[in-house]
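What follows is the content of query04.tsv (TSV, C-alpha atoms and all ligand atoms).
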chain	number	residue	atom	x	y	z
A	15	MET	CA	17.26	11.20	-6.52
A	16	THR	CA	16.60	8.30	-8.87
A	17	THR	CA	13.23	6.59	-9.08
A	18	ALA	CA	12.81	3.23	-10.79
A	19	ILE	CA	9.67	1.78	-12.31
A	20	LEU	CA	8.99	-1.94	-12.64
A	21	THR	CA	6.22	-3.38	-14.76
A	22	SER	CA	5.69	-6.07	-17.40
A	23	PRO	CA	3.19	-6.95	-20.17
A	24	VAL	CA	3.06	-10.48	-18.70
A	25	GLN	CA	0.67	-9.10	-16.09
A	26	ALA	CA	-1.94	-8.48	-18.78
A	27	ALA	CA	-2.47	-12.26	-19.01
A	28	HIS	CA	-4.43	-11.95	-15.75
A	29	ASP	CA	-7.53	-10.37	-17.19
A	30	GLU	CA	-11.30	-10.46	-17.00
A	31	PRO	CA	-12.66	-7.60	-19.12
A	32	SER	CA	-15.96	-7.42	-17.22
A	33	HIS	CA	-14.17	-7.05	-13.85
A	34	VAL	CA	-13.10	-3.74	-12.31
A	35	GLU	CA	-9.63	-5.24	-11.66
A	36	ARG	CA	-8.59	-5.83	-15.26
A	37	ALA	CA	-5.58	-5.41	-17.51
A	38	ALA	CA	-6.80	-2.08	-18.84
A	39	ARG	CA	-5.88	-0.48	-15.50
A	40	LEU	CA	-2.14	-0.74	-16.08
A	41	ARG	CA	-2.44	0.19	-19.74
A	42	ALA	CA	-4.21	3.40	-18.68
A	43	ILE	CA	-1.44	4.25	-16.22
A	44	GLU	CA	1.26	3.52	-18.81
A	45	ALA	CA	-0.50	5.77	-21.32
A	46	ALA	CA	-0.82	8.55	-18.75
A	47	LEU	CA	2.85	8.15	-17.84
A	48	ASP	CA	3.88	8.58	-21.45
A	49	ALA	CA	1.59	11.56	-21.95
A	50	SER	CA	2.73	13.31	-18.78
A	51	GLY	CA	6.43	13.36	-19.58
A	52	LEU	CA	7.22	11.77	-16.17
A	53	ARG	CA	8.51	8.62	-17.84
A	54	ARG	CA	11.83	10.24	-18.76
A	55	ASP	CA	12.46	10.81	-15.03
A	56	LEU	CA	12.16	7.08	-14.31
A	57	VAL	CA	14.65	4.23	-14.63
A	58	ASP	CA	13.19	1.01	-16.02
A	59	LEU	CA	14.06	-2.12	-14.04
A	60	ALA	CA	13.13	-5.60	-15.25
A	61	PRO	CA	11.18	-7.57	-12.64
A	62	GLN	CA	11.97	-11.22	-11.95
A	63	PRO	CA	9.32	-13.75	-10.87
A	64	ALA	CA	9.24	-14.39	-7.14
A	65	ALA	CA	10.82	-17.69	-6.14
A	66	ASP	CA	8.73	-20.31	-4.32
A	67	GLN	CA	10.90	-19.81	-1.26
A	68	GLN	CA	10.10	-16.08	-1.20
A	69	ILE	CA	6.38	-16.75	-1.56
A	70	LEU	CA	6.40	-19.49	1.09
A	71	ALA	CA	8.02	-17.10	3.55
A	72	VAL	CA	4.58	-15.43	3.67
A	73	HIS	CA	1.99	-17.86	2.29
A	74	GLN	CA	0.96	-21.38	3.21
A	75	PRO	CA	1.83	-24.19	0.72
A	76	ARG	CA	-1.86	-24.88	0.09
A	77	LEU	CA	-2.29	-21.41	-1.45
A	78	LEU	CA	0.52	-22.07	-3.91
A	79	GLN	CA	-1.03	-25.41	-4.83
A	80	VAL	CA	-4.36	-23.74	-5.61
A	81	LEU	CA	-2.78	-21.03	-7.74
A	82	ARG	CA	-0.60	-23.51	-9.63
A	83	TRP	CA	-3.65	-25.67	-10.30
A	84	SER	CA	-5.58	-22.64	-11.56
A	85	ALA	CA	-2.95	-22.09	-14.27
A	86	GLY	CA	-4.32	-25.19	-16.02
A	87	GLN	CA	-7.88	-23.85	-16.02
A	88	ASP	CA	-9.50	-21.35	-18.36
A	89	ASN	CA	-11.29	-19.37	-15.72
A	90	VAL	CA	-11.65	-19.94	-11.99
A	91	TRP	CA	-13.45	-17.89	-9.35
A	92	LEU	CA	-11.71	-18.37	-6.01
A	93	ASP	CA	-14.42	-16.34	-4.28
A	94	MET	CA	-17.21	-14.03	-5.42
A	95	ASP	CA	-14.83	-11.36	-6.72
A	96	THR	CA	-11.41	-13.03	-7.14
A	97	TYR	CA	-10.70	-14.69	-10.48
A	98	THR	CA	-7.82	-16.49	-12.14
A	99	THR	CA	-7.01	-17.28	-15.76
A	100	ARG	CA	-4.36	-19.49	-17.33
A	101	GLY	CA	-1.95	-16.58	-17.12
A	102	SER	CA	-2.67	-15.51	-13.56
A	103	TRP	CA	-0.03	-17.63	-11.81
A	104	ASP	CA	2.76	-16.24	-14.00
A	105	ALA	CA	1.40	-12.71	-13.56
A	106	ALA	CA	1.12	-13.09	-9.79
A	107	ARG	CA	4.67	-14.42	-9.43
A	108	LEU	CA	5.97	-11.58	-11.54
A	109	ALA	CA	4.02	-8.98	-9.55
A	110	ALA	CA	5.42	-10.28	-6.27
A	111	GLY	CA	8.86	-10.54	-7.84
A	112	ALA	CA	8.67	-6.93	-9.04
A	113	ALA	CA	8.08	-5.79	-5.46
A	114	VAL	CA	11.06	-7.89	-4.36
A	115	THR	CA	13.23	-6.53	-7.17
A	116	ALA	CA	12.23	-2.98	-6.26
A	117	VAL	CA	13.22	-3.51	-2.64
A	118	GLU	CA	16.54	-5.07	-3.60
A	119	ALA	CA	17.38	-2.13	-5.90
A	120	VAL	CA	16.57	0.43	-3.21
A	121	VAL	CA	18.32	-1.37	-0.37
A	122	ALA	CA	21.42	-1.88	-2.53
A	123	GLY	CA	21.41	1.85	-3.30
A	124	ARG	CA	21.10	1.39	-7.05
A	125	VAL	CA	18.07	3.72	-7.01
A	126	THR	CA	16.64	6.03	-4.35
A	127	ASN	CA	13.02	4.98	-4.80
A	128	ALA	CA	11.16	2.42	-6.85
A	129	PHE	CA	7.59	2.08	-8.05
A	130	ALA	CA	6.23	-1.37	-8.86
A	131	LEU	CA	3.35	-0.93	-11.28
A	132	ILE	CA	1.87	-4.37	-10.76
A	133	ARG	CA	-1.20	-6.54	-10.75
A	134	PRO	CA	-2.88	-8.79	-9.69
A	135	PRO	CA	-3.05	-6.76	-6.50
A	136	GLY	CA	-2.05	-8.15	-3.13
A	137	HIS	CA	-2.99	-6.48	0.14
A	138	HIS	CA	-6.12	-8.56	0.85
A	139	ALA	CA	-4.34	-11.90	0.30
A	140	THR	CA	-3.78	-13.54	3.69
A	141	PRO	CA	-1.14	-16.19	4.41
A	142	ALA	CA	-3.76	-18.86	3.70
A	143	GLN	CA	-6.22	-17.34	1.27
A	144	PRO	CA	-6.51	-15.29	-1.93
A	145	MET	CA	-9.37	-12.76	-1.64
A	146	GLY	CA	-10.58	-9.35	-2.70
A	147	PHE	CA	-9.05	-9.49	-6.23
A	148	CYS	CA	-5.69	-10.41	-4.62
A	149	LEU	CA	-3.72	-13.64	-5.23
A	150	LEU	CA	-0.28	-13.19	-3.64
A	151	ASN	CA	0.47	-10.49	-1.09
A	152	ASN	CA	3.12	-8.68	-3.10
A	153	ILE	CA	4.13	-6.11	-0.52
A	154	ALA	CA	4.25	-8.66	2.31
A	155	ILE	CA	6.54	-10.90	0.25
A	156	ALA	CA	8.82	-7.91	-0.42
A	157	ALA	CA	8.84	-6.82	3.23
A	158	ARG	CA	9.59	-10.34	4.45
A	159	HIS	CA	12.43	-10.56	1.94
A	160	ALA	CA	13.86	-7.28	3.21
A	161	VAL	CA	13.94	-8.60	6.78
A	162	ALA	CA	14.75	-12.28	6.27
A	163	THR	CA	17.22	-12.06	3.40
A	164	LEU	CA	18.49	-8.49	3.15
A	165	GLY	CA	19.01	-8.17	6.89
A	166	LEU	CA	16.91	-5.11	7.68
A	167	ASP	CA	15.54	-4.83	11.22
A	168	ARG	CA	12.71	-2.34	10.78
A	169	VAL	CA	10.50	-2.14	7.70
A	170	ALA	CA	7.36	0.02	7.54
A	171	ILE	CA	4.38	-0.58	5.27
A	172	VAL	CA	2.01	2.34	4.75
A	173	ASP	CA	-1.25	1.38	3.05
A	174	TYR	CA	-3.37	4.24	1.69
A	175	ASP	CA	-5.67	2.08	-0.40
A	176	VAL	CA	-9.30	2.89	0.38
A	177	HIS	CA	-9.76	-0.64	1.78
A	178	HIS	CA	-8.10	-2.07	4.86
A	179	GLY	CA	-5.03	-4.19	4.04
A	180	ASN	CA	-6.24	-7.15	6.06
A	181	GLY	CA	-3.90	-9.65	4.40
A	182	THR	CA	-0.81	-7.56	5.03
A	183	GLN	CA	-1.88	-7.02	8.63
A	184	ASP	CA	-2.33	-10.77	9.12
A	185	CYS	CA	1.18	-11.43	7.79
A	186	PHE	CA	2.87	-9.21	10.38
A	187	TYR	CA	0.41	-8.97	13.29
A	188	ASP	CA	2.85	-10.65	15.69
A	189	ASP	CA	6.02	-9.36	14.02
A	190	GLY	CA	7.81	-6.45	15.65
A	191	GLN	CA	10.15	-5.92	12.72
A	192	VAL	CA	7.44	-4.79	10.31
A	193	PHE	CA	5.29	-1.76	11.15
A	194	PHE	CA	1.95	-1.71	9.31
A	195	CYS	CA	-0.16	1.46	9.08
A	196	SER	CA	-3.44	1.49	7.17
A	197	THR	CA	-5.76	4.41	6.46
A	198	HIS	CA	-9.04	3.16	5.04
A	199	ALA	CA	-12.72	4.01	4.75
A	200	ALA	CA	-15.01	2.47	7.35
A	201	PRO	CA	-17.39	0.78	7.09
A	202	LEU	CA	-16.14	-0.87	3.90
A	203	TYR	CA	-14.84	-4.21	2.59
A	204	PRO	CA	-13.32	-6.32	4.14
A	205	GLY	CA	-14.69	-5.01	7.46
A	206	THR	CA	-11.43	-5.28	9.42
A	207	GLY	CA	-9.00	-2.56	10.52
A	208	ALA	CA	-10.53	-1.18	13.71
A	209	GLU	CA	-8.30	1.22	15.62
A	210	SER	CA	-8.16	-1.32	18.46
A	211	GLU	CA	-6.27	-3.78	16.21
A	212	ILE	CA	-2.71	-2.89	17.21
A	213	GLY	CA	-0.81	-6.19	17.00
A	214	ILE	CA	0.03	-8.97	19.44
A	215	GLU	CA	3.09	-10.46	21.13
A	216	ASP	CA	6.28	-9.16	19.48
A	217	GLY	CA	4.10	-7.14	17.11
A	218	TYR	CA	2.19	-5.34	19.85
A	219	GLY	CA	2.22	-1.68	18.88
A	220	THR	CA	3.47	-2.21	15.34
A	221	THR	CA	0.05	-2.22	13.69
A	222	LEU	CA	-1.70	1.15	13.42
A	223	ASN	CA	-5.19	1.29	11.93
A	224	LEU	CA	-6.89	4.57	11.13
A	225	PRO	CA	-10.46	3.91	9.93
A	226	LEU	CA	-11.82	7.06	8.28
A	227	PRO	CA	-15.23	8.54	7.56
A	228	TYR	CA	-16.41	8.71	3.97
A	229	ARG	CA	-15.27	11.81	2.04
A	230	THR	CA	-12.33	12.54	4.32
A	231	GLY	CA	-10.62	14.41	1.49
A	232	ASP	CA	-7.15	15.88	0.94
A	233	GLY	CA	-7.16	18.21	3.96
A	234	GLY	CA	-8.21	15.52	6.40
A	235	PHE	CA	-5.66	13.07	5.07
A	236	GLN	CA	-2.81	15.54	5.18
A	237	GLN	CA	-3.51	16.55	8.75
A	238	LEU	CA	-3.85	12.92	9.77
A	239	TYR	CA	-0.48	12.20	8.22
A	240	ASP	CA	1.13	15.19	9.96
A	241	ASP	CA	-0.35	14.47	13.39
A	242	VAL	CA	-0.54	10.68	13.53
A	243	VAL	CA	1.13	8.76	10.70
A	244	LEU	CA	4.44	10.62	10.52
A	245	PRO	CA	5.00	10.73	14.31
A	246	ALA	CA	4.33	6.99	14.45
A	247	LEU	CA	6.77	6.38	11.60
A	248	ARG	CA	9.45	8.52	13.25
A	249	ARG	CA	9.07	6.56	16.44
A	250	PHE	CA	9.48	3.25	14.62
A	251	ALA	CA	12.43	4.67	12.62
A	252	PRO	CA	12.10	2.36	9.62
A	253	GLN	CA	15.08	1.55	7.44
A	254	LEU	CA	12.72	1.00	4.51
A	255	ILE	CA	9.25	2.36	3.79
A	256	LEU	CA	6.94	0.40	1.51
A	257	VAL	CA	3.67	1.89	0.28
A	258	SER	CA	0.60	-0.11	-0.67
A	259	ALA	CA	-0.38	2.51	-3.21
A	260	GLY	CA	-4.00	1.77	-4.01
A	261	TYR	CA	-5.63	4.69	-5.76
A	262	ASP	CA	-9.24	3.73	-5.17
A	263	GLY	CA	-9.45	6.56	-2.61
A	264	HIS	CA	-9.57	8.95	-5.55
A	265	TRP	CA	-12.76	11.04	-5.69
A	266	ASP	CA	-13.63	9.70	-9.16
A	267	ASP	CA	-13.23	6.02	-8.26
A	268	PRO	CA	-16.55	4.18	-8.52
A	269	LEU	CA	-15.87	2.03	-5.42
A	270	GLY	CA	-13.92	4.27	-3.04
A	271	PRO	CA	-15.54	6.97	-0.88
A	272	LEU	CA	-12.53	8.89	0.52
A	273	SER	CA	-12.45	11.81	-1.98
A	274	LEU	CA	-8.70	12.18	-2.41
A	275	SER	CA	-7.44	14.08	-5.45
A	276	ILE	CA	-4.31	13.29	-7.45
A	277	ALA	CA	-2.67	16.33	-5.89
A	278	GLY	CA	-3.72	14.92	-2.52
A	279	TYR	CA	-2.02	11.62	-3.26
A	280	ALA	CA	1.11	13.49	-4.31
A	281	ALA	CA	1.06	15.37	-1.00
A	282	LEU	CA	0.90	12.08	0.93
A	283	THR	CA	3.84	10.71	-1.04
A	284	GLN	CA	5.75	13.92	-0.35
A	285	ARG	CA	5.11	13.49	3.37
A	286	LEU	CA	6.29	9.87	3.33
A	287	LEU	CA	9.59	11.06	1.89
A	288	GLN	CA	10.26	13.08	5.07
A	289	PRO	CA	11.01	10.16	7.41
A	290	ALA	CA	12.68	8.37	4.50
A	291	ARG	CA	15.09	11.27	4.05
A	292	ALA	CA	15.70	11.57	7.79
A	293	GLN	CA	16.51	7.88	8.07
A	294	ARG	CA	18.75	7.90	5.05
A	295	VAL	CA	21.28	9.82	7.13
A	296	ARG	CA	21.86	6.56	8.97
A	297	ARG	CA	20.69	3.89	6.61
A	298	GLY	CA	17.32	3.81	5.00
A	299	HIS	CA	15.37	4.16	1.85
A	300	ALA	CA	11.89	4.55	0.49
A	301	ALA	CA	10.19	2.33	-2.00
A	302	GLY	CA	6.69	2.32	-3.39
A	303	ALA	CA	4.67	-0.60	-4.59
A	304	ALA	CA	1.35	-0.36	-6.36
A	305	GLY	CA	0.16	-3.62	-4.95
A	306	ALA	CA	-3.26	-2.70	-3.76
A	307	ARG	CA	-6.26	-2.42	-5.97
A	308	GLY	CA	-7.34	0.96	-7.23
A	309	ALA	CA	-8.07	3.31	-10.08
A	310	PRO	CA	-5.59	4.48	-12.70
A	311	GLY	CA	-3.76	7.53	-11.48
A	312	SER	CA	-0.56	7.87	-9.57
A	313	ALA	CA	1.91	10.05	-7.73
A	314	TRP	CA	5.47	9.36	-6.68
A	315	PRO	CA	8.80	11.07	-6.15
A	316	SER	CA	10.45	12.41	-9.25
A	317	ARG	CA	14.08	13.24	-9.93
A	318	ASP	CA	14.05	16.53	-8.04
A	319	GLY	CA	12.70	14.88	-4.92
A	320	ARG	CA	9.25	16.38	-5.15
A	321	ALA	CA	6.19	14.23	-5.62
A	322	GLY	CA	5.17	14.17	-9.24
A	323	CYS	CA	1.56	14.13	-10.40
A	324	LEU	CA	0.33	11.84	-13.13
A	325	GLY	CA	-2.67	13.08	-15.07
A	326	ALA	CA	-5.13	15.89	-14.61
A	327	ASP	CA	-7.13	16.16	-11.45
A	328	GLN	CA	-10.44	16.86	-13.10
A	329	VAL	CA	-12.47	14.45	-15.15
A	330	GLY	CA	-15.07	16.15	-17.29
A	331	ALA	CA	-16.49	19.15	-15.50
A	332	ARG	CA	-16.35	17.77	-11.96
A	333	PRO	CA	-13.72	19.31	-9.66
A	334	ALA	CA	-12.11	17.47	-6.80
A	335	PRO	CA	-14.28	18.08	-3.72
A	336	ASP	CA	-13.19	20.02	-0.67
A	337	LEU	CA	-15.17	18.78	2.29
A	338	PRO	CA	-14.39	20.42	5.62
A	339	VAL	CA	-17.16	18.51	7.37
A	340	ALA	CA	-15.29	15.24	6.81
A	341	PHE	CA	-12.12	16.87	8.07
A	342	HIS	CA	-13.73	17.39	11.48
A	343	ARG	CA	-15.23	13.92	11.62
A	344	ILE	CA	-11.77	12.46	11.20
A	345	TRP	CA	-10.85	13.43	14.75
A	346	ARG	CA	-13.51	11.36	16.43
A	347	PRO	CA	-11.38	8.22	16.70
A	348	ALA	CA	-8.35	10.24	17.77
A	349	LYS	CA	-10.29	11.92	20.55
A	350	ARG	CA	-11.61	8.58	21.72
A	351	MET	CA	-8.00	7.48	22.07
A	352	GLU	CA	-7.23	10.50	24.17
A	353	ARG	CA	-10.20	9.96	26.48
A	354	ARG	CA	-9.35	6.33	27.00
A	355	GLN	CA	-5.82	7.33	27.80
A	356	CYS	CA	-7.14	8.51	31.16
A	357	ILE	CA	-9.29	5.52	32.03
A	358	GLN	CA	-8.01	2.46	30.20
A	359	CYS	CA	-4.42	1.39	30.33
A	360	GLU	CA	-4.45	-0.30	26.94
A	361	PHE	CA	-5.11	3.02	25.26
A	362	ARG	CA	-2.42	4.71	27.29
A	363	ALA	CA	-0.17	2.05	25.82
A	364	HIS	CA	-1.73	2.68	22.42
A	365	ILE	CA	-0.76	6.35	22.50
A	366	ASP	CA	2.66	5.70	23.98
A	367	LEU	CA	3.40	3.04	21.41
A	368	PHE	CA	2.54	5.15	18.43
A	369	ASN	CA	3.81	8.47	19.73
A	370	ILE	CA	0.43	10.05	19.07
A	371	GLY	CA	0.24	13.19	21.15
A	372	CYS	CA	-2.74	14.71	22.90
A	373	ILE	CA	-5.14	15.93	20.22
A	374	ARG	CA	-7.63	18.65	21.14
A	401	ZN	ZN	-8.84	-1.09	-2.48
Full structure transcribed into structure tokens:
Amino acid sequence: MTTAILTSPVQAAHDEPSHVERAARLRAIEAALDASGLRRDLVDLAPQPAADQQILAVHQPRLLQVLRWSAGQDNVWLDMDTYTTRGSWDAARLAAGAAVTAVEAVVAGRVTNAFALIRPPGHHATPAQPMGFCLLNNIAIAARHAVATLGLDRVAIVDYDVHHGNGTQDCFYDDGQVFFCSTHAAPLYPGTGAESEIGIEDGYGTTLNLPLPYRTGDGGFQQLYDDVVLPALRRFAPQLILVSAGYDGHWDDPLGPLSLSIAGYAALTQRLLQPARAQRVRRGHAAGAAGARGAPGSAWPSRDGRAGCLGADQVGARPAPDLPVAFHRIWRPAKRMERRQCIQCEFRAHIDLFNIGCIR
């Protein structure tokens, strides 16, 4: 197994030191990579900027005009928490291009997996609008490229950022070729991602939202993956799995309330390799993209096929929490699905579509 990493110092030109989404995030991950010894397991790939045509396959022309204009300005706030600098347009094109390059390398079989260590982040950016620290939707651009240009029929995006990937969902809500699954804290920004949001038209049944209670923790996440996420992925049988790997669900993140540990993230990555390996027998691959916003810290497959951990899981004297109460609360939405299976046909369809079995 070969895992590539794609990153670039150009991305540091998008920076606002007072903002939580700042250039220091990637520098911290790079430093931790070097210190951990994982770097020697990774193959460096040089990202290329995304072409206008690749961006326009996802975003409206007006969005490109705004971002291009912002490159001539010292500092622009597109909304209350989304900024640009003179270097942001170049950084954003390179981030999206890194995700595209990663997908091309995996689909061509040059590497088994790839990790795009990129910013500005992307999963809140809708086809029409930058928002939530995000300028271009990196993972959506890569997924669209995989379908439209590389000829794949079924691409899955798994988003374990603590926030709902509303922009990614919007890009593929009516698209049956891209399966989107988001686990996210609720209630939390941006307020979307209810379990009832399951896609429309050709995309009906290819959006799976799993809003979670605060402090769900490693145990809750792992059981949710085993009982809901992985069965849904197996049913869709993706040829390519993309991961919006936001790490703001980590227990030490100042914004995210989901209480995952680094070991917990590694366990999720390990689980996502299962359907990837199964599909590879026919034709399929796994790729990761750090396109969502989150804290420094990471986990991904290493050379031996196991998920590697980056960094220690304790900061100061505080251990990662183990919260069984949250583990039980996680089943409330699942049990509501089951109950509605008996009385409302749309939830019977919901369960049938996602291959989620009876949960008692
Ligand atoms: Zn987030």
Atomic distance CA of Ala251 in chain A - CA of Leu164 in chain A, expressed in Å with one decimal: 17.3 Å
Point-to-point distance from CA of Thr206 in chain A to CA of Val161 in chain A, Å rounded to tenths: 25.7 Å
Residues within 9 Å of ligand ZN 401 (chain A), counting all atoms listed in the file, as a PyMOL selection string: chain A and resi 137-138+146+174-179+198+203+260-263+269-270+306-309
All residues 9 Å or closer to range 153-160 of chain A, all atoms listed in the file, same chain fewer than 3 positions away omitted, as a CSV table (one decimal) with C-alpha atoms, in the coordinates of the input:
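To be explicit, this is the file written out as result_10.csv:
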chain,number,residue,atom,x,y,z
A,64,ALA,CA,9.2,-14.4,-7.1
A,68,GLN,CA,10.1,-16.1,-1.2
A,69,ILE,CA,6.4,-16.8,-1.6
A,70,LEU,CA,6.4,-19.5,1.1
A,71,ALA,CA,8.0,-17.1,3.6
A,72,VAL,CA,4.6,-15.4,3.7
A,73,HIS,CA,2.0,-17.9,2.3
A,110,ALA,CA,5.4,-10.3,-6.3
A,111,GLY,CA,8.9,-10.5,-7.8
A,112,ALA,CA,8.7,-6.9,-9.0
A,113,ALA,CA,8.1,-5.8,-5.5
A,114,VAL,CA,11.1,-7.9,-4.4
A,115,THR,CA,13.2,-6.5,-7.2
A,116,ALA,CA,12.2,-3.0,-6.3
A,117,VAL,CA,13.2,-3.5,-2.6
A,118,GLU,CA,16.5,-5.1,-3.6
A,121,VAL,CA,18.3,-1.4,-0.4
A,136,GLY,CA,-2.0,-8.2,-3.1
A,137,HIS,CA,-3.0,-6.5,0.1
A,150,LEU,CA,-0.3,-13.2,-3.6
A,163,THR,CA,17.2,-12.1,3.4
A,164,LEU,CA,18.5,-8.5,3.2
A,165,GLY,CA,19.0,-8.2,6.9
A,166,LEU,CA,16.9,-5.1,7.7
A,167,ASP,CA,15.5,-4.8,11.2
A,169,VAL,CA,10.5,-2.1,7.7
A,170,ALA,CA,7.4,0.0,7.5
A,171,ILE,CA,4.4,-0.6,5.3
A,181,GLY,CA,-3.9,-9.6,4.4
A,182,THR,CA,-0.8,-7.6,5.0
A,183,GLN,CA,-1.9,-7.0,8.6
A,185,CYS,CA,1.2,-11.4,7.8
A,186,PHE,CA,2.9,-9.2,10.4
A,192,VAL,CA,7.4,-4.8,10.3
A,254,LEU,CA,12.7,1.0,4.5
A,256,LEU,CA,6.9,0.4,1.5
A,257,VAL,CA,3.7,1.9,0.3
A,258,SER,CA,0.6,-0.1,-0.7
A,303,ALA,CA,4.7,-0.6,-4.6
A,304,ALA,CA,1.4,-0.4,-6.4
A,305,GLY,CA,0.2,-3.6,-5.0
A,306,ALA,CA,-3.3,-2.7,-3.8
Hey, which bits of range 18-100 of chain A sit within 8 Å of range 127-131 of chain A, and for each residue what's the closest pair of atoms and how far apart in Å (one decimal), counting all atoms listed in the file, rows by chain and increasing number, as a tab-separated table?
residue	atom	partner	partner_atom	distance
A:Ala18	CA	A:Ala128	CA	4.3
A:Ile19	CA	A:Phe129	CA	4.8
A:Leu20	CA	A:Ala130	CA	4.7
A:Thr21	CA	A:Leu131	CA	5.1
A:Leu40	CA	A:Leu131	CA	7.3
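For the set A:Thr99, A:Pro75, A:Gly123, A:Asp93, the residue with the smallest atom-to-atom gap to Pro141 in chain A is A:Pro75, counting all atoms listed in the file.
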Residue nearest Leu287 in chain A among A:Val242, A:Phe194, A:Leu56, A:Thr126 (counting all atoms listed in the file):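 Between A:Val242, A:Phe194, A:Leu56, A:Thr126, the residue approaching Leu287 in chain A most closely is A:Thr126.
Computed from the coordinates, the CA of Leu77 in chain A to CA of Leu149 in chain A distance equals 8.8 Å.
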Nearest to Ala38 in chain A, chosen from A:Ser210, A:Asn223, A:Asn151, A:Gln25, with only C-alpha atoms counted in the distances: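 The shortest atom-to-atom distance to Ala38 in chain A comes from A:Gln25.
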Residue completion, range 211-223 of chain A, N, CA and C atoms, as a JSON list (two decimals), in the coordinates of the input:
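Once written, part06.json looks like this:
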[["chain", "number", "residue", "atom", "x", "y", "z"],
["A", 211, "GLU", "N", -7.15, -2.72, 16.72],
["A", 211, "GLU", "CA", -6.27, -3.78, 16.21],
["A", 211, "GLU", "C", -4.86, -3.22, 16.13],
["A", 212, "ILE", "N", -4.03, -3.53, 17.12],
["A", 212, "ILE", "CA", -2.71, -2.89, 17.21],
["A", 212, "ILE", "C", -1.57, -3.91, 17.29],
["A", 213, "GLY", "N", -1.85, -5.17, 16.98],
["A", 213, "GLY", "CA", -0.81, -6.19, 17.00],
["A", 213, "GLY", "C", -0.80, -6.97, 18.29],
["A", 214, "ILE", "N", -0.08, -8.10, 18.27],
["A", 214, "ILE", "CA", 0.03, -8.97, 19.44],
["A", 214, "ILE", "C", 1.49, -9.39, 19.62],
["A", 215, "GLU", "N", 1.78, -9.88, 20.81],
["A", 215, "GLU", "CA", 3.09, -10.46, 21.13],
["A", 215, "GLU", "C", 4.22, -9.52, 20.67],
["A", 216, "ASP", "N", 5.19, -10.03, 19.92],
["A", 216, "ASP", "CA", 6.28, -9.16, 19.48],
["A", 216, "ASP", "C", 5.80, -8.01, 18.61],
["A", 217, "GLY", "N", 4.64, -8.17, 17.99],
["A", 217, "GLY", "CA", 4.10, -7.14, 17.11],
["A", 217, "GLY", "C", 3.17, -6.17, 17.80],
["A", 218, "TYR", "N", 3.07, -6.26, 19.13],
["A", 218, "TYR", "CA", 2.19, -5.34, 19.85],
["A", 218, "TYR", "C", 2.68, -3.91, 19.68],
["A", 219, "GLY", "N", 1.83, -3.07, 19.11],
["A", 219, "GLY", "CA", 2.22, -1.68, 18.88],
["A", 219, "GLY", "C", 2.87, -1.44, 17.54],
["A", 220, "THR", "N", 2.91, -2.45, 16.67],
["A", 220, "THR", "CA", 3.47, -2.21, 15.34],
["A", 220, "THR", "C", 2.41, -2.39, 14.25],
["A", 221, "THR", "N", 1.15, -2.34, 14.65],
["A", 221, "THR", "CA", 0.05, -2.22, 13.69],
["A", 221, "THR", "C", -0.75, -0.99, 14.08],
["A", 222, "LEU", "N", -0.95, -0.09, 13.16],
["A", 222, "LEU", "CA", -1.70, 1.15, 13.42],
["A", 222, "LEU", "C", -2.79, 1.29, 12.37],
["A", 223, "ASN", "N", -4.05, 1.16, 12.82],
["A", 223, "ASN", "CA", -5.19, 1.29, 11.93],
["A", 223, "ASN", "C", -5.91, 2.60, 12.15]]
